[in-house]
Structures are given as C-alpha cells and as structure tokens.
$ cat final35.txt   # compact mmCIF, N, CA and C atoms and all ligand atoms
# COMPACT_ATOMS: atom_id res chain seq x y z
N ASN A 30 -25.74 90.98 -108.59
CA ASN A 30 -24.46 91.69 -108.66
C ASN A 30 -24.01 92.09 -107.26
N TRP A 31 -22.91 91.52 -106.83
CA TRP A 31 -22.48 91.70 -105.44
C TRP A 31 -22.19 93.14 -105.04
N PRO A 32 -21.39 93.88 -105.81
CA PRO A 32 -21.09 95.26 -105.41
C PRO A 32 -22.36 96.08 -105.22
N GLN A 33 -23.34 95.90 -106.11
CA GLN A 33 -24.59 96.66 -106.01
C GLN A 33 -25.37 96.27 -104.77
N LEU A 34 -25.46 94.98 -104.54
CA LEU A 34 -26.18 94.46 -103.37
C LEU A 34 -25.54 95.05 -102.12
N TRP A 35 -24.22 95.05 -102.12
CA TRP A 35 -23.48 95.55 -100.97
C TRP A 35 -23.79 97.01 -100.70
N ASP A 36 -23.68 97.84 -101.74
CA ASP A 36 -23.90 99.29 -101.62
C ASP A 36 -25.22 99.63 -100.98
N GLY A 37 -26.27 98.94 -101.46
CA GLY A 37 -27.60 99.32 -101.04
C GLY A 37 -28.00 98.82 -99.68
N HIS A 38 -27.54 97.66 -99.30
CA HIS A 38 -28.24 96.97 -98.22
C HIS A 38 -27.43 96.48 -97.02
N MET A 39 -26.13 96.53 -97.10
CA MET A 39 -25.44 95.81 -96.03
C MET A 39 -24.42 96.65 -95.28
N CYS A 40 -24.33 96.38 -94.00
CA CYS A 40 -23.21 96.97 -93.27
C CYS A 40 -22.49 95.88 -92.48
N VAL A 41 -21.24 96.12 -92.19
CA VAL A 41 -20.39 95.11 -91.55
C VAL A 41 -20.59 95.14 -90.03
N LEU A 42 -21.03 94.02 -89.46
CA LEU A 42 -21.19 93.93 -88.01
C LEU A 42 -19.93 93.38 -87.34
N LYS A 43 -19.22 92.50 -88.07
CA LYS A 43 -17.98 91.93 -87.54
C LYS A 43 -17.15 91.48 -88.73
N GLU A 44 -15.86 91.57 -88.58
CA GLU A 44 -14.97 91.28 -89.71
C GLU A 44 -13.64 90.74 -89.19
N GLY A 45 -13.11 89.73 -89.86
CA GLY A 45 -11.80 89.22 -89.46
C GLY A 45 -11.52 87.84 -90.02
N PRO A 46 -10.34 87.29 -89.69
CA PRO A 46 -9.95 85.99 -90.22
C PRO A 46 -10.52 84.82 -89.40
N LEU A 47 -10.88 83.76 -90.10
CA LEU A 47 -11.31 82.50 -89.47
C LEU A 47 -10.91 81.35 -90.38
N ASN A 48 -10.62 80.21 -89.79
CA ASN A 48 -10.47 79.00 -90.58
C ASN A 48 -11.87 78.45 -90.85
N ARG A 49 -12.06 77.92 -92.04
CA ARG A 49 -13.40 77.39 -92.33
C ARG A 49 -13.33 76.25 -93.35
N THR A 50 -14.35 75.40 -93.25
CA THR A 50 -14.53 74.38 -94.28
C THR A 50 -16.01 74.05 -94.40
N LYS A 51 -16.46 73.90 -95.64
CA LYS A 51 -17.84 73.47 -95.86
C LYS A 51 -17.87 71.96 -95.70
N ILE A 52 -18.83 71.43 -94.94
CA ILE A 52 -18.87 69.96 -94.78
C ILE A 52 -20.12 69.34 -95.41
N THR A 53 -21.13 70.17 -95.66
CA THR A 53 -22.36 69.66 -96.28
C THR A 53 -22.91 70.71 -97.24
N GLU A 54 -23.41 70.25 -98.38
CA GLU A 54 -24.07 71.16 -99.33
C GLU A 54 -25.34 70.50 -99.82
N ASN A 55 -26.46 71.20 -99.74
CA ASN A 55 -27.77 70.61 -100.08
C ASN A 55 -27.98 69.27 -99.39
N GLY A 56 -27.52 69.17 -98.16
CA GLY A 56 -27.69 67.94 -97.40
C GLY A 56 -26.69 66.84 -97.73
N LYS A 57 -25.81 67.11 -98.69
CA LYS A 57 -24.83 66.09 -99.11
C LYS A 57 -23.47 66.35 -98.49
N ARG A 58 -22.88 65.32 -97.91
CA ARG A 58 -21.59 65.41 -97.24
C ARG A 58 -20.47 65.77 -98.22
N LEU A 59 -19.59 66.66 -97.83
CA LEU A 59 -18.42 67.02 -98.65
C LEU A 59 -17.15 66.64 -97.92
N ARG A 60 -16.08 66.48 -98.67
CA ARG A 60 -14.77 66.27 -98.05
C ARG A 60 -14.28 67.59 -97.47
N LYS A 61 -13.76 67.53 -96.24
CA LYS A 61 -13.26 68.76 -95.59
C LYS A 61 -12.10 69.36 -96.36
N ASN A 62 -12.08 70.67 -96.40
CA ASN A 62 -10.95 71.37 -97.01
C ASN A 62 -10.76 72.68 -96.24
N TRP A 63 -10.03 72.62 -95.14
CA TRP A 63 -9.86 73.79 -94.28
C TRP A 63 -9.07 74.87 -95.01
N THR A 64 -9.60 76.10 -94.97
CA THR A 64 -8.84 77.23 -95.52
C THR A 64 -9.07 78.43 -94.62
N ILE A 65 -8.15 79.37 -94.70
CA ILE A 65 -8.36 80.62 -93.96
C ILE A 65 -9.15 81.57 -94.86
N SER A 66 -10.10 82.27 -94.24
CA SER A 66 -10.93 83.22 -94.97
C SER A 66 -10.97 84.54 -94.23
N HIS A 67 -11.25 85.59 -94.99
CA HIS A 67 -11.60 86.87 -94.37
C HIS A 67 -13.13 86.89 -94.29
N VAL A 68 -13.64 86.94 -93.06
CA VAL A 68 -15.07 86.74 -92.86
C VAL A 68 -15.76 88.06 -92.52
N ILE A 69 -16.92 88.24 -93.14
CA ILE A 69 -17.72 89.45 -92.94
C ILE A 69 -19.11 89.03 -92.47
N LEU A 70 -19.51 89.56 -91.31
CA LEU A 70 -20.86 89.29 -90.80
C LEU A 70 -21.74 90.51 -91.08
N THR A 71 -22.88 90.26 -91.74
CA THR A 71 -23.87 91.32 -91.96
C THR A 71 -25.17 90.90 -91.27
N GLU A 72 -26.21 91.73 -91.37
CA GLU A 72 -27.49 91.41 -90.74
C GLU A 72 -28.18 90.21 -91.39
N LEU A 73 -27.68 89.77 -92.51
CA LEU A 73 -28.33 88.69 -93.26
C LEU A 73 -27.42 87.53 -93.59
N PHE A 74 -26.17 87.85 -93.91
CA PHE A 74 -25.25 86.85 -94.44
C PHE A 74 -23.96 86.77 -93.66
N LEU A 75 -23.34 85.61 -93.72
CA LEU A 75 -21.95 85.46 -93.33
C LEU A 75 -21.19 85.22 -94.64
N LEU A 76 -20.30 86.13 -94.96
CA LEU A 76 -19.59 86.09 -96.24
C LEU A 76 -18.14 85.70 -96.01
N PHE A 77 -17.65 84.80 -96.84
CA PHE A 77 -16.26 84.33 -96.74
C PHE A 77 -15.50 84.78 -97.97
N PHE A 78 -14.50 85.64 -97.75
CA PHE A 78 -13.65 86.11 -98.85
C PHE A 78 -12.28 85.45 -98.76
N LYS A 79 -11.62 85.39 -99.90
CA LYS A 79 -10.28 84.80 -99.96
C LYS A 79 -9.36 85.52 -98.97
N ASP A 80 -9.43 86.85 -98.96
CA ASP A 80 -8.62 87.65 -98.03
C ASP A 80 -9.25 89.04 -97.92
N ALA A 81 -8.65 89.88 -97.07
CA ALA A 81 -9.22 91.21 -96.85
C ALA A 81 -9.23 92.05 -98.14
N LYS A 82 -8.19 91.84 -98.97
CA LYS A 82 -8.12 92.58 -100.24
C LYS A 82 -9.31 92.26 -101.15
N SER A 83 -9.70 91.00 -101.17
CA SER A 83 -10.82 90.59 -102.03
C SER A 83 -12.11 91.26 -101.58
N PHE A 84 -12.23 91.48 -100.28
CA PHE A 84 -13.42 92.17 -99.78
C PHE A 84 -13.42 93.63 -100.25
N VAL A 85 -12.27 94.28 -100.15
CA VAL A 85 -12.14 95.67 -100.61
C VAL A 85 -12.43 95.74 -102.11
N ALA A 86 -11.89 94.77 -102.87
CA ALA A 86 -12.10 94.75 -104.32
C ALA A 86 -13.59 94.62 -104.64
N MET A 87 -14.29 93.77 -103.89
CA MET A 87 -15.72 93.60 -104.13
C MET A 87 -16.45 94.92 -103.91
N LYS A 88 -16.08 95.63 -102.83
CA LYS A 88 -16.74 96.91 -102.55
C LYS A 88 -16.46 97.91 -103.65
N ASN A 89 -15.28 97.78 -104.29
CA ASN A 89 -14.92 98.69 -105.37
C ASN A 89 -15.44 98.24 -106.73
N GLY A 90 -16.21 97.18 -106.74
CA GLY A 90 -16.89 96.83 -107.98
C GLY A 90 -16.41 95.58 -108.69
N SER A 91 -15.45 94.85 -108.11
CA SER A 91 -15.06 93.61 -108.80
C SER A 91 -14.93 92.48 -107.79
N GLY A 92 -15.31 91.31 -108.23
CA GLY A 92 -15.18 90.13 -107.37
C GLY A 92 -16.40 89.88 -106.51
N ARG A 93 -16.34 88.78 -105.82
CA ARG A 93 -17.46 88.34 -105.01
C ARG A 93 -16.94 87.42 -103.91
N PRO A 94 -17.77 87.15 -102.90
CA PRO A 94 -17.30 86.23 -101.87
C PRO A 94 -17.14 84.82 -102.42
N GLU A 95 -16.27 84.03 -101.79
CA GLU A 95 -16.12 82.63 -102.18
C GLU A 95 -17.32 81.82 -101.69
N LEU A 96 -17.88 82.29 -100.59
CA LEU A 96 -18.99 81.56 -99.98
C LEU A 96 -19.90 82.55 -99.27
N CYS A 97 -21.21 82.35 -99.46
CA CYS A 97 -22.19 83.24 -98.83
C CYS A 97 -23.18 82.37 -98.08
N VAL A 98 -23.24 82.54 -96.76
CA VAL A 98 -24.13 81.73 -95.93
C VAL A 98 -25.33 82.58 -95.51
N ASP A 99 -26.52 82.11 -95.86
CA ASP A 99 -27.77 82.80 -95.51
C ASP A 99 -28.09 82.46 -94.05
N LEU A 100 -28.10 83.46 -93.19
CA LEU A 100 -28.29 83.20 -91.76
C LEU A 100 -29.75 83.11 -91.34
N ASN A 101 -30.66 83.47 -92.23
CA ASN A 101 -32.08 83.42 -91.87
C ASN A 101 -32.53 81.97 -91.67
N GLY A 102 -32.89 81.64 -90.44
CA GLY A 102 -33.31 80.27 -90.13
C GLY A 102 -32.16 79.33 -89.83
N ALA A 103 -30.94 79.86 -89.81
CA ALA A 103 -29.77 79.00 -89.56
C ALA A 103 -29.59 78.74 -88.07
N PHE A 104 -28.74 77.75 -87.77
CA PHE A 104 -28.33 77.45 -86.40
C PHE A 104 -26.82 77.51 -86.32
N VAL A 105 -26.31 77.92 -85.17
CA VAL A 105 -24.86 77.87 -84.95
C VAL A 105 -24.62 77.26 -83.58
N TYR A 106 -23.69 76.31 -83.52
CA TYR A 106 -23.46 75.58 -82.26
C TYR A 106 -22.07 74.94 -82.27
N PRO A 107 -21.58 74.56 -81.09
CA PRO A 107 -20.26 73.92 -81.02
C PRO A 107 -20.25 72.61 -81.80
N ALA A 108 -19.14 72.34 -82.48
CA ALA A 108 -19.03 71.13 -83.31
C ALA A 108 -17.97 70.20 -82.75
N ASP A 109 -18.12 69.87 -81.48
CA ASP A 109 -17.07 69.14 -80.77
C ASP A 109 -16.64 67.83 -81.41
N LYS A 110 -17.61 67.06 -81.92
CA LYS A 110 -17.25 65.72 -82.43
C LYS A 110 -16.99 65.71 -83.92
N VAL A 111 -17.10 66.86 -84.55
CA VAL A 111 -16.99 66.92 -86.00
C VAL A 111 -15.56 67.15 -86.47
N SER A 112 -14.72 67.55 -85.54
CA SER A 112 -13.35 67.88 -85.92
C SER A 112 -12.41 67.61 -84.76
N SER A 113 -11.15 67.34 -85.11
CA SER A 113 -10.14 67.17 -84.06
C SER A 113 -9.58 68.53 -83.61
N ARG A 114 -9.93 69.59 -84.35
CA ARG A 114 -9.46 70.94 -83.98
C ARG A 114 -10.20 71.45 -82.76
N LYS A 115 -9.60 72.44 -82.12
CA LYS A 115 -10.30 73.05 -80.98
C LYS A 115 -11.05 74.30 -81.44
N ASN A 116 -12.03 74.70 -80.64
CA ASN A 116 -12.81 75.92 -80.89
C ASN A 116 -13.49 75.89 -82.27
N VAL A 117 -14.16 74.78 -82.56
CA VAL A 117 -14.84 74.63 -83.85
C VAL A 117 -16.35 74.78 -83.65
N TYR A 118 -16.97 75.55 -84.52
CA TYR A 118 -18.43 75.73 -84.49
C TYR A 118 -18.99 75.42 -85.87
N VAL A 119 -20.24 75.00 -85.87
CA VAL A 119 -20.90 74.71 -87.15
C VAL A 119 -22.07 75.66 -87.36
N ILE A 120 -22.19 76.12 -88.59
CA ILE A 120 -23.39 76.88 -89.00
C ILE A 120 -24.15 75.98 -89.94
N SER A 121 -25.43 75.79 -89.62
CA SER A 121 -26.27 74.89 -90.38
C SER A 121 -27.42 75.70 -90.96
N THR A 122 -27.55 75.71 -92.28
CA THR A 122 -28.56 76.57 -92.90
C THR A 122 -29.82 75.80 -93.27
N VAL A 123 -30.89 76.54 -93.55
CA VAL A 123 -32.16 75.90 -93.93
C VAL A 123 -32.03 75.08 -95.21
N LEU A 124 -31.15 75.47 -96.10
CA LEU A 124 -31.01 74.74 -97.36
C LEU A 124 -30.04 73.57 -97.27
N GLY A 125 -29.61 73.25 -96.05
CA GLY A 125 -28.77 72.06 -95.89
C GLY A 125 -27.31 72.26 -96.20
N THR A 126 -26.83 73.47 -95.97
CA THR A 126 -25.39 73.70 -96.04
C THR A 126 -24.85 73.77 -94.62
N GLN A 127 -23.73 73.14 -94.39
CA GLN A 127 -23.07 73.23 -93.08
C GLN A 127 -21.63 73.67 -93.28
N VAL A 128 -21.26 74.70 -92.54
CA VAL A 128 -19.91 75.23 -92.61
C VAL A 128 -19.32 75.22 -91.21
N LEU A 129 -18.10 74.71 -91.10
CA LEU A 129 -17.39 74.78 -89.83
C LEU A 129 -16.51 76.03 -89.82
N PHE A 130 -16.45 76.70 -88.68
CA PHE A 130 -15.44 77.76 -88.54
C PHE A 130 -14.67 77.55 -87.26
N GLN A 131 -13.44 78.03 -87.25
CA GLN A 131 -12.51 77.71 -86.16
C GLN A 131 -11.48 78.81 -86.00
N ASN A 132 -11.11 79.04 -84.75
CA ASN A 132 -10.00 79.94 -84.46
C ASN A 132 -9.21 79.33 -83.31
N GLU A 133 -7.91 79.38 -83.39
CA GLU A 133 -7.06 78.83 -82.32
C GLU A 133 -7.36 79.50 -80.98
N CYS A 134 -7.76 80.75 -81.04
CA CYS A 134 -8.07 81.50 -79.81
C CYS A 134 -9.55 81.30 -79.45
N ASN A 135 -9.81 80.72 -78.27
CA ASN A 135 -11.20 80.41 -77.92
C ASN A 135 -12.04 81.68 -77.72
N VAL A 136 -11.40 82.75 -77.27
CA VAL A 136 -12.14 84.01 -77.08
C VAL A 136 -12.61 84.56 -78.44
N GLN A 137 -11.69 84.51 -79.40
CA GLN A 137 -12.04 84.95 -80.76
C GLN A 137 -13.16 84.10 -81.35
N ALA A 138 -13.01 82.78 -81.23
CA ALA A 138 -14.01 81.87 -81.80
C ALA A 138 -15.37 82.11 -81.16
N GLN A 139 -15.36 82.29 -79.84
CA GLN A 139 -16.62 82.50 -79.13
C GLN A 139 -17.25 83.84 -79.48
N SER A 140 -16.43 84.83 -79.73
CA SER A 140 -17.01 86.14 -80.05
C SER A 140 -17.71 86.08 -81.42
N TRP A 141 -17.19 85.22 -82.33
CA TRP A 141 -17.91 85.01 -83.60
C TRP A 141 -19.22 84.25 -83.33
N LEU A 142 -19.16 83.24 -82.49
CA LEU A 142 -20.37 82.49 -82.15
C LEU A 142 -21.46 83.45 -81.65
N TYR A 143 -21.12 84.28 -80.69
CA TYR A 143 -22.12 85.18 -80.10
C TYR A 143 -22.64 86.19 -81.13
N ALA A 144 -21.74 86.72 -81.94
CA ALA A 144 -22.17 87.71 -82.94
C ALA A 144 -23.12 87.08 -83.96
N ILE A 145 -22.79 85.84 -84.38
CA ILE A 145 -23.64 85.15 -85.36
C ILE A 145 -24.99 84.79 -84.72
N GLN A 146 -24.95 84.32 -83.48
CA GLN A 146 -26.20 84.00 -82.77
C GLN A 146 -27.10 85.23 -82.66
N ALA A 147 -26.49 86.37 -82.39
CA ALA A 147 -27.27 87.61 -82.25
C ALA A 147 -27.95 87.96 -83.57
N VAL A 148 -27.23 87.80 -84.68
CA VAL A 148 -27.82 88.09 -85.99
C VAL A 148 -28.98 87.13 -86.26
N ILE A 149 -28.74 85.84 -86.02
CA ILE A 149 -29.79 84.84 -86.30
C ILE A 149 -31.05 85.14 -85.49
N SER A 150 -30.86 85.52 -84.23
CA SER A 150 -32.04 85.75 -83.39
C SER A 150 -32.82 86.99 -83.80
N ASN A 151 -32.20 87.86 -84.59
CA ASN A 151 -32.91 89.05 -85.09
C ASN A 151 -33.58 88.83 -86.44
N LEU A 152 -33.40 87.64 -87.02
CA LEU A 152 -33.96 87.38 -88.34
C LEU A 152 -35.34 86.73 -88.22
N PRO A 153 -36.20 86.91 -89.23
CA PRO A 153 -37.60 86.48 -89.12
C PRO A 153 -37.82 84.98 -88.92
N CYS A 154 -36.96 84.13 -89.47
CA CYS A 154 -37.18 82.68 -89.35
C CYS A 154 -36.66 82.09 -88.05
N ASN A 155 -36.14 82.93 -87.19
CA ASN A 155 -35.65 82.43 -85.90
C ASN A 155 -36.81 81.86 -85.07
O1 LIG B 1 -13.41 64.47 -90.38
P1 LIG B 1 -12.20 64.01 -91.13
O2 LIG B 1 -12.51 63.50 -92.48
O3 LIG B 1 -11.31 63.12 -90.33
O4 LIG B 1 -11.40 65.35 -91.42
C1 LIG B 1 -10.04 65.47 -91.70
C2 LIG B 1 -9.75 65.20 -93.15
O5 LIG B 1 -10.61 65.93 -93.97
C3 LIG B 1 -8.34 65.58 -93.52
O6 LIG B 1 -8.13 65.49 -94.90
P2 LIG B 1 -8.10 64.20 -95.82
O7 LIG B 1 -8.51 63.02 -95.00
O8 LIG B 1 -9.13 64.58 -96.85
O9 LIG B 1 -6.74 64.11 -96.39
C4 LIG B 1 -8.01 67.02 -93.12
O10 LIG B 1 -6.68 67.31 -93.44
C5 LIG B 1 -8.27 67.23 -91.67
O11 LIG B 1 -8.00 68.58 -91.35
C6 LIG B 1 -9.67 66.86 -91.29
O12 LIG B 1 -9.91 66.87 -89.92
P3 LIG B 1 -10.10 68.00 -88.84
O13 LIG B 1 -10.16 67.19 -87.60
O14 LIG B 1 -8.93 68.90 -88.97
O15 LIG B 1 -11.40 68.75 -89.01
$ encode --input "final35.txt" --output "structure tokens" --more "lines below"
Ligand code: I3S
Amino acid sequence: NWPQLWDGHMCVLKEGPLNRTKITENGKRLRKNWTISHVILTELFLLFFKDAKSFVAMKNGSGRPELCVDLNGAFVYPADKVSSRKNVYVISTVLGTQVLFQNECNVQAQSWLYAIQAVISNLPCN
C-alpha cells in the first residue's frame, strides 16, 4: 500500500518535472514513449507520477506512482547514443529495467544525475 509505505519510511530528497521513457523491462526492449512526469527521489526509489497533484493525492491516501525504480544496485549514466534528444540519462536497474530521463536544461538534467548517483552510492548494493 503506497500511502502507508510513504508515511513510514520515505522522505523527498529531490522533486520536479522530467521527461522520461522506459526502454527495457526485465531485459526486454520496449518501444519508446516519452512523457513528462513529476519525479520524486527518495533514499531508495525514484518515483514517477503523472503530475504533482497525483503525488499529493498519493500522500493523502489515494493513487500510486506510474513507475517505481528501485535504485539499490542501479547505475545511472549519460545515454548519448540512445536518443536524439539532448541531456538524456539512463537508469539501469538490477532487474533489467532501463528508464531514460531528460530535461532541455542541461543544469537541471545534471542535477538529477548527481542526486541519483548520490543515492545509489549510499545504498548497500553499490
Ligand atoms: O530510438 P528510436 O526508436 O528512434 O526512438 C524514437 C521513436 O521511439 C519515436 O517513436 P516511434 O518511432 O515509435 O513513432 C519517438 O517519437 C522518438 O521520440 C524516439 O526517439 P528519441 O530520439 O526522441 O529518443
């Protein structure tokens, strides 16, 4: 139950909009589908919500993220050849999910990269 999990265990380290698309699931390639998400970084997960309202709704007891990326053991790195967009990074998880995230502003995109890297390096499987 997401609201309960949230209440007990998580705090927001970084929050804001990013473009994202999942490109691999369980090691299987997916067709790209870029969408804008409201992204929440916690000490464990990167959560993608439809918008900021959906995140508030989840905290108030209804709804859940559209996508939850487990950062324990994950890698994050520039995805230069994976997309024609600029400032694209890939998060690759132990279970074989890969998500691209992107922001038109390179400073914004990089600040997400650094924040996610910092979380990963604090997790046990790093
Ligand atoms: O890596 P791809 O397959 O060239 O990625 C592009 C396609 O997914 C395209 O959609 P369709 O070919 O499914 O219609 C998307 O509209 C593009 O955004 C994808 O490329 P970028 O370079 O934006 O990641």
$ residues_near_ligand --input "final35.txt" --ligand "ligand LIG 1 (chain B)" --cutoff "6.5 Å" --atoms "all atoms listed in the file" --output "MDAnalysis selection string"
chainID A and resid 60:63 111:114
$ write_last_selection --input "final35.txt" --atoms "N, CA and C atoms" --output "mmCIF file, keeping the file's coordinate frame"
data_model
loop_
_atom_site.group_PDB
_atom_site.id
_atom_site.type_symbol
_atom_site.label_atom_id
_atom_site.label_comp_id
_atom_site.auth_asym_id
_atom_site.auth_seq_id
_atom_site.Cartn_x
_atom_site.Cartn_y
_atom_site.Cartn_z
ATOM 1 N N ARG A 60 -16.080 66.480 -98.670
ATOM 2 C CA ARG A 60 -14.770 66.270 -98.050
ATOM 3 C C ARG A 60 -14.280 67.590 -97.470
ATOM 4 N N LYS A 61 -13.760 67.530 -96.240
ATOM 5 C CA LYS A 61 -13.260 68.760 -95.590
ATOM 6 C C LYS A 61 -12.100 69.360 -96.360
ATOM 7 N N ASN A 62 -12.080 70.670 -96.400
ATOM 8 C CA ASN A 62 -10.950 71.370 -97.010
ATOM 9 C C ASN A 62 -10.760 72.680 -96.240
ATOM 10 N N TRP A 63 -10.030 72.620 -95.140
ATOM 11 C CA TRP A 63 -9.860 73.790 -94.280
ATOM 12 C C TRP A 63 -9.070 74.870 -95.010
ATOM 13 N N VAL A 111 -17.100 66.860 -84.550
ATOM 14 C CA VAL A 111 -16.990 66.920 -86.000
ATOM 15 C C VAL A 111 -15.560 67.150 -86.470
ATOM 16 N N SER A 112 -14.720 67.550 -85.540
ATOM 17 C CA SER A 112 -13.350 67.880 -85.920
ATOM 18 C C SER A 112 -12.410 67.610 -84.760
ATOM 19 N N SER A 113 -11.150 67.340 -85.110
ATOM 20 C CA SER A 113 -10.140 67.170 -84.060
ATOM 21 C C SER A 113 -9.580 68.530 -83.610
ATOM 22 N N ARG A 114 -9.930 69.590 -84.350
ATOM 23 C CA ARG A 114 -9.460 70.940 -83.980
ATOM 24 C C ARG A 114 -10.200 71.450 -82.760
#
$ select_by_dssp --input "final35.txt" --residues "range 66-150 of chain A" --states "strand (DSSP E)" --output "ChimeraX atom specification"
/A:66-70,74-78,96-99,104-107,117-121,127-131
$ closest_residue --input "final35.txt" --among "A:Val105, A:Ala147, A:Leu42, A:Ala81" --to "Ile120 in chain A" --atoms "only N, CA and C atoms"
A:Val105
$ residues_around --input "final35.txt" --residues "Leu34 in chain A" --least-positions-apart "4" --cutoff "12 Å" --atoms "only C-alpha atoms" --output "list in words"
Asn30, His38, Met39, Cys40, Leu73, Phe74, Met87, Lys88, Gly90 and Arg93 of chain A
$ select_by_dssp --input "final35.txt" --residues "chain A" --states "helix (DSSP H, G or I)" --output "PyMOL selection string"
chain A and resi 31-38+81-88+135-150
$ atom_distance --input "final35.txt" --atom1 "CA of Leu70 in chain A" --atom2 "CA of Ile52 in chain A"
19.8 Å
$ closest_residue --input "final35.txt" --among "A:Asn101, A:Asn135, A:Gln33, A:Ser66" --to "Asn116 in chain A" --atoms "all atoms listed in the file"
A:Asn135
$ atom_distance --input "final35.txt" --atom1 "CA of Val128 in chain A" --atom2 "atom N of Thr71 in chain A"
15.3 Å
$ closest_residue --input "final35.txt" --among "A:Gln137, A:Ser91, A:Asn132, A:Gln146" --to "Leu75 in chain A" --atoms "only C-alpha atoms"
A:Gln146
$ atom_distance --input "final35.txt" --atom1 "CA of Leu152 in chain A" --atom2 "atom C of Ala103 in chain A"
9.7 Å
$ residues_around --input "final35.txt" --residues "Gly92 in chain A" --least-positions-apart "5" --cutoff "7 Å" --atoms "only N, CA and C atoms" --output "list in words"
Trp31, Pro32, Ser83, Ala86 and Met87 of chain A
$ residues_near_point --input "final35.txt" --point "(-31.1, 81.5, -86.8)" --cutoff "6 Å" --atoms "only C-alpha atoms" --output "NGL selection string"
:A and (100-104 or 149-150 or 155)
$ write_last_selection --input "final35.txt" --atoms "N, CA and C atoms" --output "mmCIF file, keeping the file's coordinate frame"
data_model
loop_
_atom_site.group_PDB
_atom_site.id
_atom_site.type_symbol
_atom_site.label_atom_id
_atom_site.label_comp_id
_atom_site.auth_asym_id
_atom_site.auth_seq_id
_atom_site.Cartn_x
_atom_site.Cartn_y
_atom_site.Cartn_z
ATOM 1 N N LEU A 100 -28.100 83.460 -93.190
ATOM 2 C CA LEU A 100 -28.290 83.200 -91.760
ATOM 3 C C LEU A 100 -29.750 83.110 -91.340
ATOM 4 N N ASN A 101 -30.660 83.470 -92.230
ATOM 5 C CA ASN A 101 -32.080 83.420 -91.870
ATOM 6 C C ASN A 101 -32.530 81.970 -91.670
ATOM 7 N N GLY A 102 -32.890 81.640 -90.440
ATOM 8 C CA GLY A 102 -33.310 80.270 -90.130
ATOM 9 C C GLY A 102 -32.160 79.330 -89.830
ATOM 10 N N ALA A 103 -30.940 79.860 -89.810
ATOM 11 C CA ALA A 103 -29.770 79.000 -89.560
ATOM 12 C C ALA A 103 -29.590 78.740 -88.070
ATOM 13 N N PHE A 104 -28.740 77.750 -87.770
ATOM 14 C CA PHE A 104 -28.330 77.450 -86.400
ATOM 15 C C PHE A 104 -26.820 77.510 -86.320
ATOM 16 N N ILE A 149 -28.740 85.840 -86.020
ATOM 17 C CA ILE A 149 -29.790 84.840 -86.300
ATOM 18 C C ILE A 149 -31.050 85.140 -85.490
ATOM 19 N N SER A 150 -30.860 85.520 -84.230
ATOM 20 C CA SER A 150 -32.040 85.750 -83.390
ATOM 21 C C SER A 150 -32.820 86.990 -83.800
ATOM 22 N N ASN A 155 -36.140 82.930 -87.190
ATOM 23 C CA ASN A 155 -35.650 82.430 -85.900
ATOM 24 C C ASN A 155 -36.810 81.860 -85.070
#
